[in-house]
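Enquirer: Structure file model.txt (compact mmCIF, C-alpha atoms) is given on the next line.
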```
# COMPACT_ATOMS: atom_id res chain seq x y z
CA MET T 786 0.00 0.00 0.00
CA ASN T 787 1.17 3.50 -0.83
CA LYS T 788 1.20 6.37 1.62
CA ARG T 789 -1.84 8.59 1.26
CA ASN T 790 -2.43 12.12 2.51
CA ILE T 791 -6.01 12.78 3.54
CA LEU T 792 -7.65 16.13 4.32
CA LEU T 793 -10.67 16.18 6.63
CA LYS T 794 -13.25 18.94 6.91
CA ILE T 795 -14.66 18.81 10.43
CA GLN T 796 -17.59 20.35 12.28
CA TYR T 797 -17.92 20.19 16.04
CA ASP T 798 -19.61 21.57 19.12
CA GLY T 799 -16.71 22.24 21.47
CA THR T 800 -18.76 22.34 24.68
CA ASN T 801 -17.63 18.94 25.98
CA TYR T 802 -13.98 19.17 24.92
CA CYS T 803 -10.82 20.68 26.39
CA GLY T 804 -10.17 22.35 23.07
CA TRP T 805 -8.88 20.96 19.80
CA GLN T 806 -5.33 19.98 20.69
CA ARG T 807 -4.52 16.55 22.09
CA GLN T 808 -3.73 16.62 25.84
CA PRO T 809 -2.84 13.82 28.27
CA GLU T 810 -5.81 12.68 30.37
CA GLU T 811 -8.16 15.19 28.71
CA VAL T 812 -10.93 14.73 26.15
CA THR T 813 -10.14 16.83 23.06
CA VAL T 814 -11.47 16.99 19.51
CA GLN T 815 -8.13 15.99 18.00
CA GLY T 816 -7.78 13.10 20.43
CA GLU T 817 -11.28 11.81 19.68
CA ILE T 818 -10.74 11.90 15.91
CA GLU T 819 -7.31 10.27 16.20
CA ARG T 820 -8.83 7.51 18.35
CA ALA T 821 -11.47 6.82 15.69
CA LEU T 822 -9.00 7.01 12.78
CA SER T 823 -6.58 4.63 14.49
CA ILE T 824 -9.37 2.06 14.75
CA LEU T 825 -10.48 2.64 11.17
CA CYS T 826 -6.99 2.48 9.64
CA ALA T 827 -5.67 -0.25 11.99
CA GLN T 828 -2.61 1.86 12.82
CA GLU T 829 -1.66 4.81 15.01
CA ILE T 830 -2.84 7.99 13.25
CA THR T 831 -1.81 11.56 14.10
CA ILE T 832 -3.69 14.45 12.51
CA ASN T 833 -2.48 18.01 11.92
CA GLY T 834 -5.20 20.58 12.53
CA CYS T 835 -5.33 24.04 11.01
CA SER T 836 -6.50 25.82 14.16
CA ARG T 837 -5.98 24.99 17.84
CA THR T 838 -9.38 26.08 19.10
CA ASP T 839 -9.73 26.52 22.87
CA THR T 840 -12.02 24.79 25.34
CA GLY T 841 -15.66 25.51 24.46
CA VAL T 842 -14.93 26.91 20.99
CA HIS T 843 -16.85 25.43 18.04
CA ALA T 844 -16.12 24.87 14.34
CA PHE T 845 -18.14 24.88 11.15
CA SER T 846 -15.03 24.11 9.12
CA GLN T 847 -11.94 22.89 10.95
CA MET T 848 -9.41 21.32 8.55
CA ALA T 849 -6.98 18.55 9.46
CA SER T 850 -4.69 16.30 7.43
CA PHE T 851 -2.98 12.98 8.11
CA ILE T 852 -0.72 10.54 6.27
CA GLY T 853 -1.03 6.77 6.47
CA GLU T 854 -0.98 3.46 4.62
CA PHE T 855 -4.41 1.85 4.62
CA ALA T 856 -6.76 0.09 2.22
CA ILE T 857 -10.08 1.81 2.88
CA PRO T 858 -11.14 3.89 -0.17
CA THR T 859 -11.19 7.65 0.34
CA GLU T 860 -14.89 7.87 -0.51
CA ASN T 861 -15.71 5.45 2.35
CA ILE T 862 -13.74 7.24 5.07
CA LYS T 863 -16.43 9.85 5.75
CA TYR T 864 -19.19 7.35 6.45
CA ALA T 865 -16.99 4.99 8.47
CA LEU T 866 -15.37 7.74 10.53
CA ASN T 867 -18.68 9.39 11.41
CA ASN T 868 -19.84 6.05 12.82
CA LEU T 869 -16.85 6.01 15.18
CA VAL T 870 -16.63 9.59 16.51
CA ASN T 871 -18.88 11.19 19.13
CA ASP T 872 -22.15 12.69 17.94
CA ASP T 873 -20.97 16.27 18.57
CA ILE T 874 -18.25 15.82 15.92
CA TYR T 875 -19.06 15.43 12.22
CA ILE T 876 -16.70 14.84 9.30
CA SER T 877 -18.36 16.78 6.48
CA ASP T 878 -15.81 16.07 3.72
CA VAL T 879 -12.79 13.85 3.00
CA ILE T 880 -10.32 14.69 0.22
CA GLU T 881 -7.13 12.96 -0.91
CA VAL T 882 -4.39 15.59 -1.38
CA ASP T 883 -0.76 15.75 -2.51
CA GLU T 884 1.76 14.17 -0.16
CA GLU T 885 3.36 17.59 0.52
CA PHE T 886 0.10 19.18 1.65
CA HIS T 887 -0.23 20.16 5.33
CA ALA T 888 -3.53 21.47 6.75
CA ARG T 889 -1.83 24.07 8.93
CA PHE T 890 1.21 25.18 6.93
CA ASN T 891 -0.65 25.48 3.61
CA CYS T 892 -3.38 27.64 5.12
CA ILE T 893 -3.40 31.23 3.82
CA GLY T 894 -6.26 32.59 5.92
CA LYS T 895 -9.20 31.92 8.22
CA LYS T 896 -12.59 33.36 9.02
CA TYR T 897 -14.13 33.28 12.49
CA ARG T 898 -17.71 33.92 13.54
CA TYR T 899 -18.69 35.21 16.98
CA GLU T 900 -22.29 35.31 18.24
CA ILE T 901 -23.56 37.77 20.86
CA ILE T 902 -27.05 37.72 22.38
CA ASN T 903 -27.94 41.18 23.72
CA SER T 904 -30.84 40.36 26.05
CA VAL T 905 -31.76 40.57 29.73
CA ASN T 906 -32.95 36.95 29.54
CA ARG T 907 -30.83 33.82 29.37
CA ASP T 908 -31.69 31.37 26.59
CA PRO T 909 -30.73 27.81 27.64
CA PHE T 910 -30.47 26.75 23.99
CA TYR T 911 -27.72 29.33 23.37
CA ILE T 912 -25.93 29.20 26.72
CA ASN T 913 -23.00 27.17 25.32
CA ARG T 914 -23.11 28.77 21.87
CA ALA T 915 -23.20 32.55 22.39
CA TYR T 916 -22.02 35.40 24.62
CA PHE T 917 -24.91 36.87 26.63
CA VAL T 918 -24.60 40.62 27.27
CA ARG T 919 -27.45 41.91 29.43
CA LYS T 920 -26.88 45.67 29.14
CA PRO T 921 -27.87 47.39 25.84
CA LEU T 922 -25.10 47.55 23.25
CA ASN T 923 -24.64 50.46 20.85
CA PHE T 924 -24.14 48.49 17.63
CA GLU T 925 -23.42 51.62 15.57
CA ASN T 926 -20.49 52.61 17.77
CA MET T 927 -19.18 49.04 17.56
CA ARG T 928 -19.29 49.24 13.75
CA LYS T 929 -17.34 52.50 13.79
CA ALA T 930 -14.68 50.92 15.99
CA ALA T 931 -14.47 47.84 13.75
CA GLY T 932 -13.28 50.00 10.86
CA SER T 933 -10.07 50.80 12.78
CA ILE T 934 -9.19 47.11 13.05
CA VAL T 935 -9.23 46.23 9.34
CA GLY T 936 -5.88 46.22 7.54
CA LYS T 937 -2.27 45.15 8.10
CA LYS T 938 -1.25 46.16 11.62
CA ASP T 939 0.71 45.11 14.68
CA PHE T 940 -1.96 43.45 16.83
CA ALA T 941 0.13 42.96 20.00
CA SER T 942 -2.65 44.77 21.91
CA PHE T 943 -5.01 41.95 20.93
CA GLN T 944 -2.78 39.06 22.00
CA ALA T 945 -3.37 37.26 25.30
CA ALA T 946 -1.00 38.32 28.06
CA GLY T 947 1.76 35.77 28.66
CA SER T 948 1.54 34.29 25.14
CA ASN T 949 4.60 32.52 23.80
CA PRO T 950 6.87 34.92 21.87
CA ARG T 951 6.04 35.20 18.17
CA GLU T 952 8.36 36.09 15.33
CA THR T 953 5.96 38.91 14.58
CA THR T 954 2.61 40.13 15.89
CA VAL T 955 1.75 41.80 12.58
CA ARG T 956 -1.36 40.35 10.96
CA THR T 957 -3.73 41.42 8.17
CA ILE T 958 -7.48 41.60 8.82
CA TYR T 959 -9.29 41.48 5.48
CA ASN T 960 -12.85 41.95 6.69
CA LEU T 961 -14.60 42.64 9.98
CA ASP T 962 -18.38 42.56 9.60
CA LEU T 963 -21.05 43.16 12.23
CA ILE T 964 -24.36 41.62 11.24
CA GLU T 965 -27.70 41.79 13.06
CA GLU T 966 -29.69 38.57 12.87
CA ASP T 967 -33.25 37.78 13.91
CA TYR T 968 -33.66 36.86 17.56
CA PRO T 969 -37.05 36.66 19.31
CA ASP T 970 -36.08 38.06 22.71
CA GLY T 971 -33.65 40.97 22.43
CA ARG T 972 -31.03 41.42 19.70
CA LYS T 973 -28.43 39.13 18.15
CA LEU T 974 -25.14 40.43 16.78
CA VAL T 975 -22.81 38.29 14.70
CA ILE T 976 -19.20 39.41 14.25
CA GLU T 977 -17.30 37.82 11.36
CA VAL T 978 -13.58 38.45 11.00
CA ALA T 979 -11.30 37.13 8.26
CA GLY T 980 -7.52 37.45 8.17
CA ASP T 981 -4.26 35.87 7.14
CA GLY T 982 -3.67 34.64 10.69
CA PHE T 983 -4.56 35.31 14.31
CA LEU T 984 -2.63 35.62 17.56
CA TYR T 985 -3.64 33.66 20.65
CA ASN T 986 -7.11 34.83 21.79
CA MET T 987 -6.98 37.63 19.20
CA VAL T 988 -10.54 37.19 17.96
CA ARG T 989 -11.96 37.02 21.49
CA ILE T 990 -10.05 40.18 22.50
CA ILE T 991 -11.28 41.99 19.38
CA VAL T 992 -14.83 41.00 20.31
CA GLY T 993 -14.33 41.99 23.96
CA THR T 994 -12.99 45.37 22.89
CA LEU T 995 -15.96 45.95 20.57
CA VAL T 996 -18.37 44.95 23.36
CA ASP T 997 -16.67 47.44 25.67
CA VAL T 998 -17.18 50.07 22.97
CA GLY T 999 -20.85 49.07 22.73
CA LEU T 1000 -21.20 49.44 26.49
CA GLY T 1001 -19.54 52.87 26.49
CA ARG T 1002 -16.45 51.76 28.42
CA ILE T 1003 -14.19 52.54 25.43
CA GLU T 1004 -14.82 55.27 22.84
CA SER T 1005 -14.93 54.03 19.23
CA SER T 1006 -12.28 56.62 18.34
CA GLU T 1007 -9.87 55.10 20.91
CA VAL T 1008 -9.49 51.74 19.15
CA LYS T 1009 -6.97 53.09 16.63
CA ASP T 1010 -4.75 54.30 19.50
CA ILE T 1011 -5.20 51.03 21.38
CA ILE T 1012 -3.78 49.13 18.39
CA ALA T 1013 -0.91 51.61 17.99
CA SER T 1014 0.03 51.24 21.67
CA CYS T 1015 0.79 47.48 21.32
CA ASP T 1016 -0.31 47.28 24.97
CA ARG T 1017 -2.70 44.46 25.91
CA THR T 1018 -3.83 46.32 29.06
CA LYS T 1019 -5.37 49.10 26.96
CA ALA T 1020 -7.64 46.79 24.95
CA GLY T 1021 -10.95 45.41 26.16
CA HIS T 1022 -11.75 42.17 27.97
CA THR T 1023 -11.41 38.71 26.47
CA ALA T 1024 -14.86 37.55 25.34
CA PRO T 1025 -15.83 34.03 26.51
CA PRO T 1026 -15.09 31.04 24.26
CA GLN T 1027 -18.59 29.68 23.76
CA GLY T 1028 -19.59 32.37 21.24
CA LEU T 1029 -16.66 31.63 18.93
CA TYR T 1030 -16.81 29.47 15.79
CA LEU T 1031 -14.10 28.68 13.24
CA LYS T 1032 -16.13 29.32 10.10
CA GLU T 1033 -13.80 28.93 7.10
CA VAL T 1034 -10.21 27.99 6.29
CA TYR T 1035 -8.62 29.25 3.09
CA TYR T 1036 -6.10 27.49 0.87
CA GLU T 1037 -4.68 28.51 -2.49
```
So that I can check it, write out the structure of this file as structure tokens.

Expert:
Amino acid sequence: MNKRNILLKIQYDGTNYCGWQRQPEEVTVQGEIERALSILCAQEITINGCSRTDTGVHAFSQMASFIGEFAIPTENIKYALNNLVNDDIYISDVIEVDEEFHARFNCIGKKYRYEIINSVNRDPFYINRAYFVRKPLNFENMRKAAGSIVGKKDFASFQAAGSNPRETTVRTIYNLDLIEEDYPDGRKLVIEVAGDGFLYNMVRIIVGTLVDVGLGRIESSEVKDIIASCDRTKAGHTAPPQGLYLKEVYYE
């Protein structure tokens, strides 16, 4: 049998997992998929994910690749693998790719989605899937602030304190859209942000900063100076993980 390189497109609800990345003695999305693949392929399988989502974070389109020697046809992997993984994980596509392909290193960009419920009431059906903000948010001021974030900039202010040193904290944000969606009891705001890469907790700090703008704690005009300062303490709070979704991964 020849070595084959397989790319998986994965959806999951991250509520019951300690994030994506495999950890000793912890239940993770990567660990669960590797367990199932190792059974399916009758060999130890290690997968390389595109994004190391945190505990409680979800994905519409996580991408992961692995190399192995096994007989099962590519078109049968999806069905067989979905019968082996937990119900809150779903393999939505399986593609055979070139041997040199790597899900993480070949990625040229990602899009994240963040959901905010602006309501005084708690909805149990959204409690693990959105950020509940009880006080009224000024969406228009949040949109004004979002304009200062788009572009190629040093985003050190939006990196979690104590992060491992990076070669550079410069990233390019292509789009940052704030979209109101129908919600029966209050208002729902969806924030979608696409870029060539993201620092640790960057999306959640962007969202937290925009929420602080919406609450009047930060002026929309201040966000430009916050970015220029490269000082994490000047930016807003880190929004909770349950509202965050990896929406798309881009390859050439």

Enquirer: For Lys1019 in chain T, find every residue with an atom within 10 Å (counting only C-alpha atoms), except residues of its own chain fewer than 3 positions away, and show them as JSON, numbers by chain.

Expert: {"T": [942, 943, 994, 1003, 1007, 1008, 1010, 1011, 1012, 1014, 1015, 1016, 1022]}

Enquirer: Which residue out of T:Asn891, T:Ser836, T:Asn903, T:Thr859 has the minimum interatomic distance to Tyr985 in chain T when only C-alpha atoms are used?

Expert: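 Looking only at the distances to Tyr985 in chain T, the closest residue turns out to be T:Ser836.
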
Enquirer: Name all residues at most 10 Å from His887 in chain T (count only C-alpha atoms; drop same-chain ones fewer than 4 positions away) and give them as a PyMOL selection string.

Expert: chain T and resi 790-792+832-835+848-852+882-883+891-892

Enquirer: Which one is closest to Phe917 in chain T: T:Thr800, T:Gln815, T:Gln1027, T:Thr838? Count only C-alpha atoms.

Expert: T:Gln1027

Enquirer: From the list T:Gly971, T:Gly804, T:Pro858, T:Gly894, which residue is nearest Glu881 in chain T when using only C-alpha atoms?

Expert: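 For Glu881 in chain T, the nearest of the candidates is T:Pro858.
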
Enquirer: Using CA of Gly799 in chain T and CA of His843 in chain T as the two end points, give the distance in Å to one decimal.

Expert: 4.7 Å

Enquirer: Taking into account only C-alpha atoms, which residue in the set T:Lys794, T:Thr954, T:Phe886, T:Ala915 is nearest to Lys863 in chain T?

Expert: T:Lys794

Enquirer: What does the distance from CA of Ile991 in chain T to CA of Leu922 in chain T come to in Å, to one decimal?

Expert: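 Distance reported for this atom pair: 15.4 Å.
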
Enquirer: Choose the residue, out of T:Val996, T:Tyr875, T:Leu866, T:Arg919, that has the smallest atom-to-atom separation from Ile824 in chain T; count only C-alpha atoms.

Expert: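 Once distances to Ile824 in chain T are computed over only C-alpha atoms, the minimum belongs to T:Leu866.
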
Enquirer: Between CA of Glu885 in chain T and CA of Leu822 in chain T, what is the spacing in Å?

Expert: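 Result for CA of Leu822 in chain T versus CA of Glu885 in chain T: 20.4 Å, one decimal.
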
Enquirer: For Ala865 in chain T, please output as a PyMOL selection string all residues within 10 Å (counting only C-alpha atoms; exclusion window: fewer than 3 positions along the same chain).

Expert: chain T and resi 821-822+825+857+860-862+868-870+876

Enquirer: Excluding Lys920 in chain T and its own-chain neighbours fewer than 3 positions away, which residues fall within 12 Å of it when counting all atoms listed in the file? Please give them as a VMD selection string.

Expert: chain T and resid 901 to 906 917 923 971 to 972 996 to 997 999 to 1001

Enquirer: Restricting the calculation to only C-alpha atoms, which member of T:Gly980, T:Asn787, T:Lys937, T:Glu966 is positioned closest to Glu884 in chain T?

Expert: T:Asn787

Enquirer: May I have the protein, DNA and RNA residues with any atom at most 12 Å from the point (-13.5, 48.2, 11.6), counting all atoms listed in the file, written as a ChimeraX atom specification?

Expert: /T:925-936,958-963,976-979,991-992,994-995,1005-1006,1008-1009,1012
